[in-house]
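Data block for model-v9.cif (mmCIF, C-alpha atoms and all ligand atoms):
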data_coords
#
loop_
_atom_site.label_atom_id
_atom_site.label_comp_id
_atom_site.auth_asym_id
_atom_site.auth_seq_id
_atom_site.Cartn_x
_atom_site.Cartn_y
_atom_site.Cartn_z
CA MET E 1 -53.94 134.12 -80.32
CA ALA E 2 -57.18 135.06 -78.56
CA ALA E 3 -57.42 136.12 -74.91
CA SER E 4 -59.30 133.69 -72.68
CA GLY E 5 -61.97 136.17 -71.59
CA THR E 6 -61.03 135.81 -67.89
CA GLY E 7 -58.60 138.71 -67.94
CA GLN E 8 -55.71 136.30 -68.59
CA SER E 9 -53.89 136.46 -71.89
CA SER E 10 -53.52 132.97 -73.37
CA ALA E 11 -51.20 134.12 -76.20
CA ARG E 12 -48.19 131.88 -76.76
CA TYR E 13 -44.68 132.85 -77.76
CA SER E 14 -44.06 132.54 -81.51
CA ALA E 15 -42.89 129.15 -82.85
CA VAL E 16 -39.40 130.59 -83.50
CA ALA E 17 -39.11 131.91 -79.91
CA ILE E 18 -40.31 128.56 -78.49
CA LEU E 19 -37.87 126.56 -80.65
CA LEU E 20 -34.93 128.82 -79.67
CA HIS E 21 -35.91 128.69 -75.97
CA TRP E 22 -35.85 124.88 -75.86
CA LEU E 23 -32.74 124.48 -78.05
CA ILE E 24 -30.83 126.94 -75.85
CA GLY E 25 -32.21 125.32 -72.66
CA ALA E 26 -31.13 121.83 -73.77
CA GLY E 27 -27.72 123.21 -74.81
CA ILE E 28 -27.14 124.89 -71.43
CA ALA E 29 -28.22 121.77 -69.50
CA ALA E 30 -25.75 119.69 -71.57
CA LEU E 31 -22.99 122.30 -71.05
CA ILE E 32 -23.38 122.27 -67.26
CA VAL E 33 -23.31 118.44 -67.08
CA ILE E 34 -20.39 118.09 -69.54
CA GLY E 35 -18.53 121.04 -67.94
CA LEU E 36 -18.72 119.44 -64.49
CA MET E 37 -17.76 115.99 -65.82
CA MET E 38 -14.68 117.18 -67.73
CA THR E 39 -13.36 119.25 -64.80
CA HIS E 40 -14.32 117.04 -61.83
CA LEU E 41 -14.17 113.45 -63.13
CA THR E 42 -10.63 113.61 -64.51
CA ARG E 43 -9.54 110.62 -62.35
CA GLN E 44 -12.46 108.43 -63.38
CA LEU E 45 -12.32 109.25 -67.12
CA SER E 46 -9.50 108.53 -69.59
CA GLN E 47 -7.44 111.48 -70.90
CA MET E 48 -8.96 110.89 -74.32
CA ASP E 49 -12.52 111.03 -72.97
CA VAL E 50 -11.73 114.27 -71.09
CA PHE E 51 -10.27 115.73 -74.30
CA ARG E 52 -13.40 114.71 -76.26
CA LEU E 53 -15.70 116.22 -73.59
CA TYR E 54 -13.75 119.52 -73.78
CA GLN E 55 -14.19 119.59 -77.57
CA LEU E 56 -17.91 118.81 -77.26
CA HIS E 57 -18.32 121.45 -74.51
CA LYS E 58 -16.66 124.10 -76.70
CA SER E 59 -18.76 123.09 -79.73
CA ILE E 60 -22.10 123.19 -77.88
CA GLY E 61 -21.03 126.39 -76.05
CA ILE E 62 -20.32 128.28 -79.28
CA THR E 63 -23.57 126.91 -80.77
CA VAL E 64 -25.45 128.27 -77.74
CA LEU E 65 -23.71 131.66 -78.16
CA LEU E 66 -24.87 131.83 -81.81
CA LEU E 67 -28.42 130.71 -80.91
CA VAL E 68 -28.58 133.32 -78.13
CA ALA E 69 -27.50 136.00 -80.66
CA VAL E 70 -30.43 134.95 -82.90
CA ARG E 71 -32.75 134.86 -79.85
CA VAL E 72 -31.75 138.40 -78.82
CA LEU E 73 -32.32 139.71 -82.37
CA TRP E 74 -35.71 137.94 -82.46
CA ARG E 75 -36.64 139.33 -79.04
CA LEU E 76 -35.72 142.88 -80.09
CA THR E 77 -37.87 142.67 -83.22
CA HIS E 78 -40.84 140.65 -81.84
CA ARG E 79 -42.84 141.55 -78.76
CA PRO E 80 -43.33 138.65 -76.29
CA PRO E 81 -46.95 137.88 -75.30
CA PRO E 82 -48.05 139.96 -72.28
CA LEU E 83 -48.03 138.46 -68.78
CA PRO E 84 -51.49 137.81 -67.23
CA THR E 85 -53.18 141.03 -66.11
CA HIS E 86 -53.85 139.60 -62.62
CA MET E 87 -50.10 139.12 -61.93
CA PRO E 88 -48.87 141.54 -59.19
CA ALA E 89 -46.50 144.27 -60.46
CA ALA E 90 -43.72 143.07 -58.12
CA GLU E 91 -43.91 139.55 -59.59
CA LYS E 92 -43.78 140.93 -63.12
CA GLN E 93 -40.69 142.96 -62.17
CA ALA E 94 -39.08 139.90 -60.57
CA ALA E 95 -39.76 137.87 -63.74
CA HIS E 96 -38.24 140.57 -65.97
CA GLY E 97 -35.24 140.91 -63.61
CA LEU E 98 -34.61 137.15 -63.63
CA HIS E 99 -34.90 137.00 -67.42
CA GLY E 100 -32.44 139.91 -67.68
CA LEU E 101 -29.91 138.08 -65.47
CA LEU E 102 -30.36 134.88 -67.50
CA TYR E 103 -29.73 136.79 -70.74
CA ALA E 104 -26.59 138.36 -69.22
CA LEU E 105 -25.30 134.88 -68.29
CA MET E 106 -26.35 133.33 -71.61
CA ILE E 107 -24.15 135.92 -73.36
CA GLY E 108 -21.42 136.25 -70.70
CA MET E 109 -20.79 132.55 -69.98
CA PRO E 110 -19.94 131.50 -73.56
CA LEU E 111 -17.83 134.65 -74.07
CA VAL E 112 -15.84 133.98 -70.87
CA GLY E 113 -15.49 130.29 -71.87
CA TRP E 114 -14.21 131.38 -75.27
CA ALA E 115 -11.78 133.76 -73.52
CA VAL E 116 -10.55 130.88 -71.27
CA VAL E 117 -9.72 128.84 -74.36
CA SER E 118 -8.19 131.81 -76.22
CA SER E 119 -5.80 132.61 -73.35
CA SER E 120 -5.00 128.96 -72.57
CA PRO E 121 -1.26 128.18 -72.46
CA PHE E 122 -2.04 124.82 -74.14
CA ASN E 123 -2.82 126.56 -77.47
CA LEU E 124 -5.27 123.82 -78.50
CA PRO E 125 -7.28 124.71 -81.62
CA THR E 126 -11.09 124.78 -81.37
CA VAL E 127 -12.75 122.76 -84.16
CA LEU E 128 -16.54 122.75 -83.75
CA TYR E 129 -17.90 119.17 -83.84
CA GLY E 130 -14.53 118.13 -85.37
CA LEU E 131 -15.52 119.91 -88.61
CA ILE E 132 -15.49 123.72 -88.42
CA PRO E 133 -12.31 125.54 -87.28
CA TRP E 134 -13.23 128.30 -84.82
CA PRO E 135 -10.85 131.24 -84.15
CA ASP E 136 -9.58 132.42 -80.77
CA LEU E 137 -10.64 135.84 -79.54
CA PRO E 138 -8.16 138.62 -80.48
CA VAL E 139 -5.29 139.78 -78.19
CA LEU E 140 -5.67 137.02 -75.55
CA PRO E 141 -3.49 134.38 -77.29
CA HIS E 142 -0.55 136.84 -77.39
CA LEU E 143 -0.64 138.04 -73.75
CA ALA E 144 2.63 137.60 -71.84
CA GLY E 145 0.97 136.25 -68.65
CA LYS E 146 -1.83 134.41 -70.39
CA ALA E 147 -1.74 131.31 -68.16
CA ALA E 148 -2.67 133.46 -65.13
CA VAL E 149 -5.37 135.27 -67.13
CA SER E 150 -6.81 131.95 -68.30
CA GLY E 151 -6.83 130.66 -64.70
CA VAL E 152 -8.77 133.70 -63.42
CA LEU E 153 -11.24 133.50 -66.31
CA ALA E 154 -11.75 129.75 -65.66
CA ARG E 155 -12.70 130.59 -62.05
CA VAL E 156 -15.13 133.27 -63.22
CA HIS E 157 -16.59 130.72 -65.69
CA ALA E 158 -16.96 128.09 -62.94
CA TYR E 159 -18.69 130.51 -60.50
CA GLY E 160 -20.87 131.72 -63.37
CA GLY E 161 -21.89 128.09 -64.01
CA TRP E 162 -23.12 127.71 -60.41
CA ILE E 163 -24.96 131.06 -60.46
CA MET E 164 -26.56 130.09 -63.77
CA THR E 165 -27.60 126.67 -62.37
CA ALA E 166 -29.25 128.37 -59.37
CA LEU E 167 -31.08 130.92 -61.54
CA ILE E 168 -32.29 128.21 -63.94
CA LEU E 169 -33.70 126.25 -60.97
CA VAL E 170 -35.52 129.40 -59.78
CA HIS E 171 -36.79 129.93 -63.37
CA ILE E 172 -38.11 126.32 -63.55
CA GLY E 173 -39.60 126.60 -60.05
CA ALA E 174 -41.41 129.84 -60.98
CA ALA E 175 -42.82 128.27 -64.16
CA LEU E 176 -44.08 125.24 -62.18
CA ARG E 177 -45.61 127.54 -59.54
CA HIS E 178 -47.59 129.30 -62.27
CA HIS E 179 -48.81 126.01 -63.72
CA LEU E 180 -49.45 123.91 -60.62
CA ILE E 181 -50.29 126.44 -57.90
CA LYS E 182 -51.54 129.63 -59.55
CA ARG E 183 -53.01 127.62 -62.43
CA ASP E 184 -52.52 130.47 -64.89
CA PRO E 185 -51.40 130.32 -68.58
CA VAL E 186 -47.80 131.50 -68.10
CA MET E 187 -46.06 128.10 -68.50
CA GLY E 188 -48.29 127.12 -71.43
CA ARG E 189 -46.96 130.12 -73.36
CA MET E 190 -43.63 128.30 -73.84
CA ILE E 191 -44.78 124.65 -74.08
CA PRO E 192 -46.63 123.64 -77.24
CA GLY E 193 -49.53 121.30 -76.45
CA LEU E 194 -49.64 122.17 -72.73
CA ASP E 195 -53.10 123.10 -71.47
CA ASN E 196 -53.00 126.89 -71.95
CA ARG E 197 -55.89 127.76 -69.60
C1 LIG D 1 -23.87 128.96 -71.68
C2 LIG D 1 -22.65 128.51 -71.97
C3 LIG D 1 -21.75 127.73 -71.07
C4 LIG D 1 -22.02 127.15 -69.83
C5 LIG D 1 -23.32 127.16 -69.03
C6 LIG D 1 -20.78 126.51 -69.41
C7 LIG D 1 -20.65 125.81 -68.24
C8 LIG D 1 -19.45 125.29 -67.76
C9 LIG D 1 -19.29 124.59 -66.49
C10 LIG D 1 -20.41 124.32 -65.47
C11 LIG D 1 -17.99 124.27 -66.38
C12 LIG D 1 -17.32 123.54 -65.19
C13 LIG D 1 -16.66 124.57 -64.30
C14 LIG D 1 -16.01 123.97 -63.07
O1 LIG D 1 -16.75 123.53 -62.18
O2 LIG D 1 -14.78 123.97 -62.99
C15 LIG D 1 -17.30 124.74 -67.57
C16 LIG D 1 -15.94 124.62 -67.82
C17 LIG D 1 -15.31 125.05 -68.96
N1 LIG D 1 -15.90 125.65 -70.06
FE1 LIG D 1 -17.85 126.18 -70.22
N2 LIG D 1 -19.82 126.71 -70.36
C18 LIG D 1 -20.36 127.44 -71.39
C19 LIG D 1 -19.74 127.85 -72.57
C20 LIG D 1 -18.41 127.60 -72.89
C21 LIG D 1 -17.75 127.96 -74.14
C22 LIG D 1 -18.42 128.66 -75.33
C23 LIG D 1 -16.46 127.57 -74.05
C24 LIG D 1 -15.32 127.69 -75.04
C25 LIG D 1 -15.45 127.92 -76.32
C26 LIG D 1 -16.30 126.96 -72.73
C27 LIG D 1 -15.10 126.47 -72.25
C28 LIG D 1 -14.92 125.89 -71.01
C29 LIG D 1 -13.64 125.45 -70.50
C30 LIG D 1 -12.31 125.54 -71.23
C31 LIG D 1 -13.88 124.95 -69.22
C32 LIG D 1 -12.85 124.37 -68.23
C33 LIG D 1 -12.27 125.52 -67.44
C34 LIG D 1 -11.20 124.98 -66.47
O3 LIG D 1 -10.18 124.58 -66.97
O4 LIG D 1 -11.46 124.98 -65.26
N3 LIG D 1 -17.49 126.98 -72.07
N4 LIG D 1 -18.21 125.35 -68.39
#

Would you kindly transcribe this structure into structure tokens?
Amino acid sequence: MAASGTGQSSARYSAVAILLHWLIGAGIAALIVIGLMMTHLTRQLSQMDVFRLYQLHKSIGITVLLLVAVRVLWRLTHRPPPLPTHMPAAEKQAAHGLHGLLYALMIGMPLVGWAVVSSSPFNLPTVLYGLIPWPDLPVLPHLAGKAAVSGVLARVHAYGGWIMTALILVHIGAALRHHLIKRDPVMGRMIPGLDNR
């Protein structure tokens, strides 16, 4: 797409990158809400509802893992549009650093969640959306002290969820700052139809 002529690139991300960004974002938002409900509302919800939420959480979580794998492959083979030339170098570095941390969590969180389930002493099978049987990770199901391992991993997963929530809020805040305060084209690069000044 053409540059605006004011020294600011108005190029958007490709349609595939935009679609993956919003699918993954919606998936992660759902995972955080469902994850908190199934672990913290166990008194208010029936056992059956908690069980169903766990199955849905695992299904969406593995879907997000697969979408992130596609996103990473796409990112490695397609250059993202450049950031505006007027953006200070420190801000560009901060943006890249935050994106790097988000990628690490987008890969790490589902893998740790999968490891929690694989080492669980309950040995419940994972069947994505009630249709597709999904294997456990190797080794973990056969560990002697797997209950303790699963407990530690569940803690790591829970802390990771809070860190991810905080970083996503910073990410959203930074995008809004670009759009509402700096009034540059950064947010419009990821939102089809948004005024891409
Ligand atoms: C980006 C991906 C994911 C995010 C953001 C996420 C987020 C969360 C959150 C916020 C919780 C509640 C933690 C708490 O406060 O105790 C949770 C719990 C849990 N998640 Fe995930 N999750 C993800 C992927 C997965 C995947 C792929 C699986 C399994 C296949 C999974 C399995 C679990 C399990 C078993 C728990 C309950 C752990 C416990 O017993 O305390 N998660 N998740």

Using all atoms listed in the file, which protein or nucleic acid residues come within 8 Å of segment 89-98 of chain E? Drop anything in the same chain fewer than 5 positions from it, and give the result as a PyMOL selection string. chain E and resi 83+167+171

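Our summary of the geometry notes that atom CA of Gly35 of chain E is positioned 27.7 Å from atom CA of Val16 of chain E.
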
Work out how far atom C7 of ligand LIG 1 (chain D) is from atom CA of Leu36 of chain E, in Å to one decimal.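 Atom CA of Leu36 of chain E sits 7.6 Å away from atom C7 of ligand LIG 1 (chain D).
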
Write out, as a tab-separated table, each residue of chain E that has an atom at most 6 Å from ligand LIG 1 (chain D), together with the closest pair of atoms and their distance in Å to one decimal, counting all atoms listed in the file, rows going by chain and rising number.
residue	atom	partner	partner_atom	distance
E:Ile28	CA	D:LIG1	C5	5.1
E:Leu31	CA	D:LIG1	C6	5.0
E:Ile32	CA	D:LIG1	C10	4.0
E:Gly35	CA	D:LIG1	C11	3.6
E:Leu36	CA	D:LIG1	C12	4.4
E:Thr39	CA	D:LIG1	O2	5.3
E:Lys58	CA	D:LIG1	C25	4.0
E:Gly61	CA	D:LIG1	C22	3.5
E:Ile62	CA	D:LIG1	C22	4.4
E:Met106	CA	D:LIG1	C1	5.0
E:Met109	CA	D:LIG1	C2	4.9
E:Pro110	CA	D:LIG1	C22	3.7
E:Gly113	CA	D:LIG1	C26	3.5
E:Trp114	CA	D:LIG1	C25	3.8
E:Val116	CA	D:LIG1	C30	5.6
E:Val117	CA	D:LIG1	C30	5.2
E:Ala154	CA	D:LIG1	C33	4.6
E:Ala158	CA	D:LIG1	C13	3.8
E:Gly161	CA	D:LIG1	C10	4.3

Figure out the distance between atom CA of Leu101 of chain E and atom CA of Ala15 of chain E, please, to one decimal in Å.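 Those two atoms sit 23.5 Å apart.
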
What lies within 10 Å of segment 131-145 of chain E using only C-alpha atoms, ignoring chain neighbours under 3 positions off, as a PyMOL selection string? chain E and resi 58-59+62+111+114-121+123-128+148-150

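Closest approach to Val33 of chain E among E:Pro88, E:Trp162, E:Trp74, E:Tyr13: E:Trp162, based on only C-alpha atoms.
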
Residues near segment 179-196 of chain E, anyone? I mean within 6 Å using only C-alpha atoms, not counting same-chain ones fewer than 2 positions away, as an mmCIF file with C-alpha atoms, keeping the file's coordinate frame.
data_model
loop_
_atom_site.group_PDB
_atom_site.id
_atom_site.type_symbol
_atom_site.label_atom_id
_atom_site.label_comp_id
_atom_site.auth_asym_id
_atom_site.auth_seq_id
_atom_site.Cartn_x
_atom_site.Cartn_y
_atom_site.Cartn_z
ATOM 1 C CA SER E 10 -53.520 132.970 -73.370
ATOM 2 C CA ARG E 12 -48.190 131.880 -76.760
ATOM 3 C CA TYR E 13 -44.680 132.850 -77.760
ATOM 4 C CA ILE E 18 -40.310 128.560 -78.490
ATOM 5 C CA ALA E 175 -42.820 128.270 -64.160
ATOM 6 C CA LEU E 176 -44.080 125.240 -62.180
ATOM 7 C CA ARG E 177 -45.610 127.540 -59.540
#

If I wrap all listed atoms of segment 179-182 of chain E in a box with edges along x, y and z and add 5 Å on each side, what are its centre and edge lengths in Å to one decimal, as lines of an AutoDock Vina configuration file?
center_x = -50.2
center_y = 126.8
center_z = -60.8
size_x = 12.7
size_y = 15.7
size_z = 15.8

For a quick check of understanding, using all atoms listed in the file, which of E:Arg71, E:His40, E:Arg52, E:Arg79 has the smallest distance to Gly25 of chain E?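 Closest residue, counting all atoms listed in the file: E:Arg71.
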